[in-house]
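Q: So that we are looking at the same thing, I have put the structure below in structure tokens.
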Amino acid sequence: MRILGIETSCDETAVSLIEAHGSFENGVAFRILGNALLSQAKEHEKYGGVFPNVAKREHQRALVPVLQEALREAGLLDTPRSVSEETLTEIEQLLEREPELFMNLGTFLRSTGAPPLDAIAVTVGPGLEPALWVGVNFAKALGIAWRVPLVAVNHMEGHIMLSASDGDRLARFELPLMSLLISGGHTELVLSREWMQYEIIGATRDDAVGEAFDKVARLMDLPYPGGPHVSRLASQARTQSGDALPSISLPRPMIETKDYDFSFAGLKTAVRRFVEASQPLSDDMKMALAREFEDACADVLVAKTMRAIEEHGVKTLVVGGGVSANSHIRTCLKDAITDYGCAKLLIPPPELATDNALMIAFAGFFRAQKQEFAAAETLRANGNMKLS
């Protein structure tokens with residue numbers, strides 16, 4: 001089965017094409033035919049965060065070039081033109097609120113025909129709704145032009161699916177499965193007693209962990225996106241010996257509570273108070289503060305996750321989302337799972353931890369296998385979509 005994946009939930013425009021076969025019970029193998037991604041990070045840097053209408057505009061500009069790159073990599077750009085002018089008129093009406101996208105897509109469709117596809121999978125949520133709608137309407141337009149069915153994909157399920165893969169196949173693992181989803185918008189513990197069934201047993205009550213990293217970076221006057229800069233300083237601090245750096249102590253919010261929820265707003269507030277009381281921040285203070293903040297986040301994530309694994313008899317832990325690229329958090333989770341000895345850890349390579357279209361195509365494959373196709377007239381973006 002060939003699946004085209006489209007991802008526009010935030011500030012990455014991504015398109016991928018995979019070929020997959022098999023089943024969860026008997027094993028799934030897949031091959032990446034084409035994969036392209038364009039980040040908008042530079043466009044949002046001046047805002048200190050993602051600005052939804054800018055993201056929408058940039059997705060309109062980038063989707064067709066990114067699609068072309070993915071198809072070029074797959075060797076599928078030379079198919080003869082097959083779209084009629086009547087179909088282009090229908091697509092123009094669909095994209096009346098995305099005129100720049102239609103202009104680019106119309107030019108593309110007049111020169112390139114339909115690639116051989118079984119389905120088009122697109123992120124419908126959660127995420128920034130203006131950005132999501134661009135991807136959803138793009139998928140609808142391609143579905144009309146190429147007469148290919150559509151599959152709606154939950155962005156968080158995409159992270160789970162890709163994190164559960166092992167190179168070119170779905171990893172072998174036992175259920176129950178626990179997913180720790182950590183990103184700029186989410187911090188969740190999700191229990192799956194059956195494959196593709198989800199129960200959110202814990203979530204952040206305020207800031208997501210990735211959001212906290214970015215807010216702390218701004219407090220420390222670090223560039224956007226701030227998370228990697230905080231982690232770089234923390235890594236430098238860990239190379240210092242003895243008492244070379246100031247001693248800083250930050251709270252570990254909710255680490256002792258009996259539920260599986262998280263809270264990072266108070267930790268961010270503790271950082272703000274330290275920064276305000278310690279001006280001007282020296283380079284050594286910044287390194288020490290970054291290390292303590294990252295340690296606090298890791299301590300809470302590991303403690304809550306390991307307790308959930310213990311109490312629910314979990315056999316496999318999947319970690320996904322942009323913060324799963326953080327090397328210290330990865331190491332702490334690996335060490336904790338090794339010490340526990342009764343669960344398997346599945347975590348993607350750092351380059352696949354952030355948003356991408358491979359995860360959408362992969363999740364789309366499983367949904368298409370179950371014949372869960374979406375009618376174009378009912379396919380809608382949902383910025384607050386939950387796993388269910």
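A note on labels: chains of the structure tokens are A, B, ... as shown, every chain counts residues from 1, and ligands are counted from 1 in their shown order.
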Extract the full set of alpha helix (DSSP H) residues from region 81-228 of chain A according to DSSP on the backbone, and format it as a PyMOL selection string.

A: chain A and resi 85-94+99-109+129-146+155-163+209-219+227-228

Q: Restricting the output to C-alpha atoms, write the selected residues as a compact mmCIF listing (two decimals), in the first residue's frame.

A:
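New file again_28.txt:
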# COMPACT_ATOMS: atom_id res chain seq x y z
CA GLU A 85 -9.98 22.10 -16.44
CA GLU A 86 -13.34 21.27 -14.82
CA THR A 87 -11.48 19.59 -11.96
CA LEU A 88 -9.16 22.58 -11.61
CA THR A 89 -12.20 24.84 -11.32
CA GLU A 90 -13.55 22.63 -8.54
CA ILE A 91 -10.21 22.79 -6.74
CA GLU A 92 -10.09 26.58 -7.15
CA GLN A 93 -13.44 26.84 -5.37
CA LEU A 94 -12.19 24.57 -2.59
CA PRO A 99 -5.32 31.61 -3.33
CA GLU A 100 -1.53 31.33 -3.28
CA LEU A 101 -1.79 27.62 -2.63
CA PHE A 102 -4.18 27.21 -5.57
CA MET A 103 -1.90 29.19 -7.88
CA ASN A 104 1.04 26.91 -7.08
CA LEU A 105 -1.04 23.73 -7.13
CA GLY A 106 -2.79 24.60 -10.39
CA THR A 107 0.54 25.12 -12.11
CA PHE A 108 1.79 21.80 -10.73
CA LEU A 109 -1.32 19.82 -11.72
CA GLU A 129 -6.09 25.38 13.36
CA PRO A 130 -5.12 27.94 10.68
CA ALA A 131 -2.09 25.81 9.84
CA LEU A 132 -4.02 22.54 10.00
CA TRP A 133 -6.67 23.80 7.59
CA VAL A 134 -4.08 24.48 4.90
CA GLY A 135 -2.92 20.87 5.01
CA VAL A 136 -6.49 19.52 5.17
CA ASN A 137 -7.61 21.55 2.14
CA PHE A 138 -4.44 20.61 0.27
CA ALA A 139 -5.19 16.93 0.88
CA LYS A 140 -8.79 17.43 -0.28
CA ALA A 141 -7.55 19.12 -3.46
CA LEU A 142 -5.11 16.32 -4.23
CA GLY A 143 -7.83 13.76 -3.51
CA ILE A 144 -10.08 15.45 -6.07
CA ALA A 145 -7.31 15.79 -8.66
CA TRP A 146 -5.92 12.27 -8.28
CA HIS A 155 -0.88 14.08 15.10
CA MET A 156 -0.14 12.42 18.44
CA GLU A 157 -0.95 8.97 17.07
CA GLY A 158 1.58 9.72 14.35
CA HIS A 159 4.28 10.26 16.99
CA ILE A 160 3.35 6.97 18.66
CA MET A 161 3.40 5.02 15.38
CA LEU A 162 6.75 6.35 14.21
CA SER A 163 8.33 5.96 17.64
CA VAL A 209 7.42 20.54 28.94
CA GLY A 210 8.59 21.84 25.56
CA GLU A 211 6.72 25.09 26.16
CA ALA A 212 8.48 25.41 29.52
CA PHE A 213 11.87 24.94 27.83
CA ASP A 214 11.09 27.74 25.37
CA LYS A 215 9.77 30.09 28.08
CA VAL A 216 12.83 29.49 30.25
CA ALA A 217 15.04 30.19 27.23
CA ARG A 218 13.34 33.58 26.79
CA LEU A 219 13.88 34.36 30.48
CA GLY A 227 14.84 24.39 23.96
CA PRO A 228 18.02 23.27 22.16

Q: Considering only C-alpha atoms, return as a PyMOL selection string whatever protein or nucleic-acid residues lie within 12 Å of Val28 (chain A), sequence-local ones (same chain, fewer than 4 positions apart) excluded.

A: chain A and resi 1+19-24+161+164-172+362-363+365-366+369

Q: Please produce a file of the residues just selected, as an mmCIF file, in the first residue's frame, where the atoms kept are C-alpha atoms.

A:
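Wrote it out as result-v1.cif, contents follow:
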data_model
loop_
_atom_site.group_PDB
_atom_site.id
_atom_site.type_symbol
_atom_site.label_atom_id
_atom_site.label_comp_id
_atom_site.auth_asym_id
_atom_site.auth_seq_id
_atom_site.Cartn_x
_atom_site.Cartn_y
_atom_site.Cartn_z
ATOM 1 C CA MET A 1 0.000 0.000 0.000
ATOM 2 C CA GLU A 19 5.142 1.906 0.744
ATOM 3 C CA ALA A 20 4.019 -0.432 3.523
ATOM 4 C CA HIS A 21 2.641 -3.932 3.880
ATOM 5 C CA GLY A 22 1.817 -6.401 6.640
ATOM 6 C CA SER A 23 -0.191 -6.174 9.839
ATOM 7 C CA PHE A 24 0.373 -5.477 13.509
ATOM 8 C CA MET A 161 3.395 5.025 15.379
ATOM 9 C CA ALA A 164 7.187 2.322 17.636
ATOM 10 C CA SER A 165 8.974 1.665 14.341
ATOM 11 C CA ASP A 166 12.430 0.187 14.170
ATOM 12 C CA GLY A 167 14.258 1.277 11.041
ATOM 13 C CA ASP A 168 12.114 -0.009 8.180
ATOM 14 C CA ARG A 169 9.507 -1.962 10.140
ATOM 15 C CA LEU A 170 7.195 -1.855 13.130
ATOM 16 C CA ALA A 171 9.150 -3.001 16.155
ATOM 17 C CA ARG A 172 8.267 -6.250 17.882
ATOM 18 C CA PHE A 362 2.714 5.516 8.802
ATOM 19 C CA ALA A 363 -0.344 6.152 10.986
ATOM 20 C CA PHE A 365 -1.344 3.177 6.628
ATOM 21 C CA PHE A 366 -2.822 1.519 9.728
ATOM 22 C CA GLN A 369 -5.907 -0.914 6.550
#

Q: Any idea what's packed within 8 Å of Val66 (chain A), counting only C-alpha atoms, ignoring anything in its chain fewer than 3 positions away? Could you give it as a list in words?

A: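 Counting only C-alpha atoms, the residues come to Thr13, Ala14, Val15, Ala36, Leu37, Leu38, Ala62, Leu63, Glu69 and Ala70 of chain A.
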
Q: Just to be explicit: take each residue in the selection above, keep N, CA and C atoms, and write the result as an mmCIF file, in the first residue's frame.

A:
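Final file, selection_28.cif:
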data_model
loop_
_atom_site.group_PDB
_atom_site.id
_atom_site.type_symbol
_atom_site.label_atom_id
_atom_site.label_comp_id
_atom_site.auth_asym_id
_atom_site.auth_seq_id
_atom_site.Cartn_x
_atom_site.Cartn_y
_atom_site.Cartn_z
ATOM 1 N N THR A 13 6.406 22.283 7.355
ATOM 2 C CA THR A 13 5.633 21.831 6.204
ATOM 3 C C THR A 13 6.293 20.557 5.714
ATOM 4 N N ALA A 14 5.556 19.441 5.731
ATOM 5 C CA ALA A 14 6.186 18.158 5.417
ATOM 6 C C ALA A 14 5.271 17.290 4.573
ATOM 7 N N VAL A 15 5.890 16.585 3.626
ATOM 8 C CA VAL A 15 5.191 15.619 2.777
ATOM 9 C C VAL A 15 6.087 14.400 2.641
ATOM 10 N N ALA A 36 10.183 14.924 2.459
ATOM 11 C CA ALA A 36 10.637 16.308 2.362
ATOM 12 C C ALA A 36 10.028 17.136 3.484
ATOM 13 N N LEU A 37 10.793 18.099 3.968
ATOM 14 C CA LEU A 37 10.337 18.941 5.090
ATOM 15 C C LEU A 37 10.975 20.312 4.970
ATOM 16 N N LEU A 38 10.169 21.338 5.269
ATOM 17 C CA LEU A 38 10.675 22.711 5.304
ATOM 18 C C LEU A 38 10.249 23.347 6.619
ATOM 19 N N ALA A 62 4.742 26.765 0.792
ATOM 20 C CA ALA A 62 5.714 25.664 0.791
ATOM 21 C C ALA A 62 5.152 24.320 0.351
ATOM 22 N N LEU A 63 3.837 24.105 0.455
ATOM 23 C CA LEU A 63 3.311 22.752 0.273
ATOM 24 C C LEU A 63 3.605 22.164 -1.111
ATOM 25 N N GLU A 69 9.328 17.927 -4.169
ATOM 26 C CA GLU A 69 10.590 17.335 -3.714
ATOM 27 C C GLU A 69 10.398 15.878 -3.311
ATOM 28 N N ALA A 70 9.312 15.590 -2.594
ATOM 29 C CA ALA A 70 9.052 14.212 -2.180
ATOM 30 C C ALA A 70 8.802 13.311 -3.383
#

Q: May I have the residues within 8 Å of Leu117 (chain A) as a list in words, using only C-alpha atoms and disregarding those fewer than 2 positions away in the same chain?

A: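 These residues fall inside the cut-off: Met1, Arg2, Ile3, Leu4, Pro115, Ala119, Ile120 and Val148 of chain A.
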
Q: Between A:Leu76, A:Ala376, A:Met220, A:Val323, which residue has the minimum interatomic distance to Arg273 (chain A), considering only C-alpha atoms?

A: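 Checking each candidate against Arg273 (chain A), we get A:Met220 as the closest.
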
Q: A:Thr8, A:Gln68, A:Thr338, A:Ser183: which is nearest Gly321 (chain A), counting only C-alpha atoms?

A: A:Ser183

Q: Write out as a tab-separated table (two decimals) with N, CA and C atoms, in the first residue's frame the set of residues from region 66-159 of chain A that DSSP, computed on the backbone, places in strand (DSSP E).

A:
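Result went into states.tsv, see below:
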chain	number	residue	atom	x	y	z
A	119	ALA	N	-3.78	5.98	-0.75
A	119	ALA	CA	-4.46	6.90	0.16
A	119	ALA	C	-3.58	8.12	0.40
A	120	ILE	N	-4.25	9.20	0.78
A	120	ILE	CA	-3.57	10.43	1.22
A	120	ILE	C	-3.92	10.63	2.68
A	121	ALA	N	-2.91	10.61	3.54
A	121	ALA	CA	-3.11	10.80	4.98
A	121	ALA	C	-2.73	12.22	5.36
A	122	VAL	N	-3.54	12.87	6.16
A	122	VAL	CA	-3.27	14.26	6.53
A	122	VAL	C	-3.56	14.48	8.01
A	123	THR	N	-2.72	15.28	8.64
A	123	THR	CA	-2.94	15.66	10.03
A	123	THR	C	-4.18	16.54	10.13
A	124	VAL	N	-5.13	16.15	10.98
A	124	VAL	CA	-6.33	16.98	11.19
A	124	VAL	C	-6.34	17.60	12.58
A	125	GLY	N	-5.41	17.22	13.46
A	125	GLY	CA	-5.30	17.79	14.79
A	125	GLY	C	-4.50	16.87	15.68
A	150	LEU	N	-9.01	9.71	1.23
A	150	LEU	CA	-8.34	10.47	2.28
A	150	LEU	C	-8.44	9.74	3.61
A	151	VAL	N	-7.39	9.94	4.44
A	151	VAL	CA	-7.36	9.38	5.79
A	151	VAL	C	-7.03	10.50	6.76
A	152	ALA	N	-7.87	10.68	7.78
A	152	ALA	CA	-7.62	11.67	8.83
A	152	ALA	C	-6.70	11.07	9.89
A	153	VAL	N	-5.65	11.80	10.26
A	153	VAL	CA	-4.67	11.28	11.22
A	153	VAL	C	-4.54	12.23	12.41
A	154	ASN	N	-4.58	11.66	13.60
A	154	ASN	CA	-4.27	12.40	14.81
A	154	ASN	C	-2.75	12.55	14.92

Q: What is the distance between CA of Gly5 (chain A) and CA of Ile18 (chain A), in Å to one decimal?

A: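 It comes out at 8.1 Å.
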
Q: One number please: CA of Phe264 (chain A) to CA of Leu301 (chain A), in Å, one decimal.

A: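 Taking CA of Phe264 (chain A) and CA of Leu301 (chain A), their separation equals 10.7 Å.
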
Q: Within 8 Å of Phe173 (chain A), counting only C-alpha atoms, which residues show up once you throw out same-chain ones fewer than 2 positions away? Write them as a PyMOL selection string, please.

A: chain A and resi 171+175+315-316+344

Q: Write out as a list of chain:residue names each polymer residue whose atoms come within 7 Å of Asp261 (chain A), counting only C-alpha atoms; drop sequence neighbours fewer than 3 positions from it.

A: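 Surrounding residues, per the criterion: A:Gly202, A:Ala203, A:Thr204, A:Arg205.
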
Q: Give me, as a VMD selection string, all polymer residues having an atom no more than 8 Å from Asp78 (chain A), counting only C-alpha atoms and skipping those fewer than 2 positions away in the same chain.

A: chain A and resid 75 to 76 80 112 to 113

Q: Measuring atom to atom with only C-alpha atoms, identify which of A:Asp11, A:Glu276, A:Asp207, A:Glu96 is nearest to Glu43 (chain A).

A: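 Of the candidates, the smallest distance to Glu43 (chain A) is held by A:Asp11.
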
Q: Rank nothing, just name the residue among A:Leu352, A:Leu281, A:Cys297, A:Ala361 nearest to Cys332 (chain A), using only C-alpha atoms.

A: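 Checking each of A:Leu352, A:Leu281, A:Cys297, A:Ala361 against Cys332 (chain A), counting only C-alpha atoms, the winner is A:Cys297.
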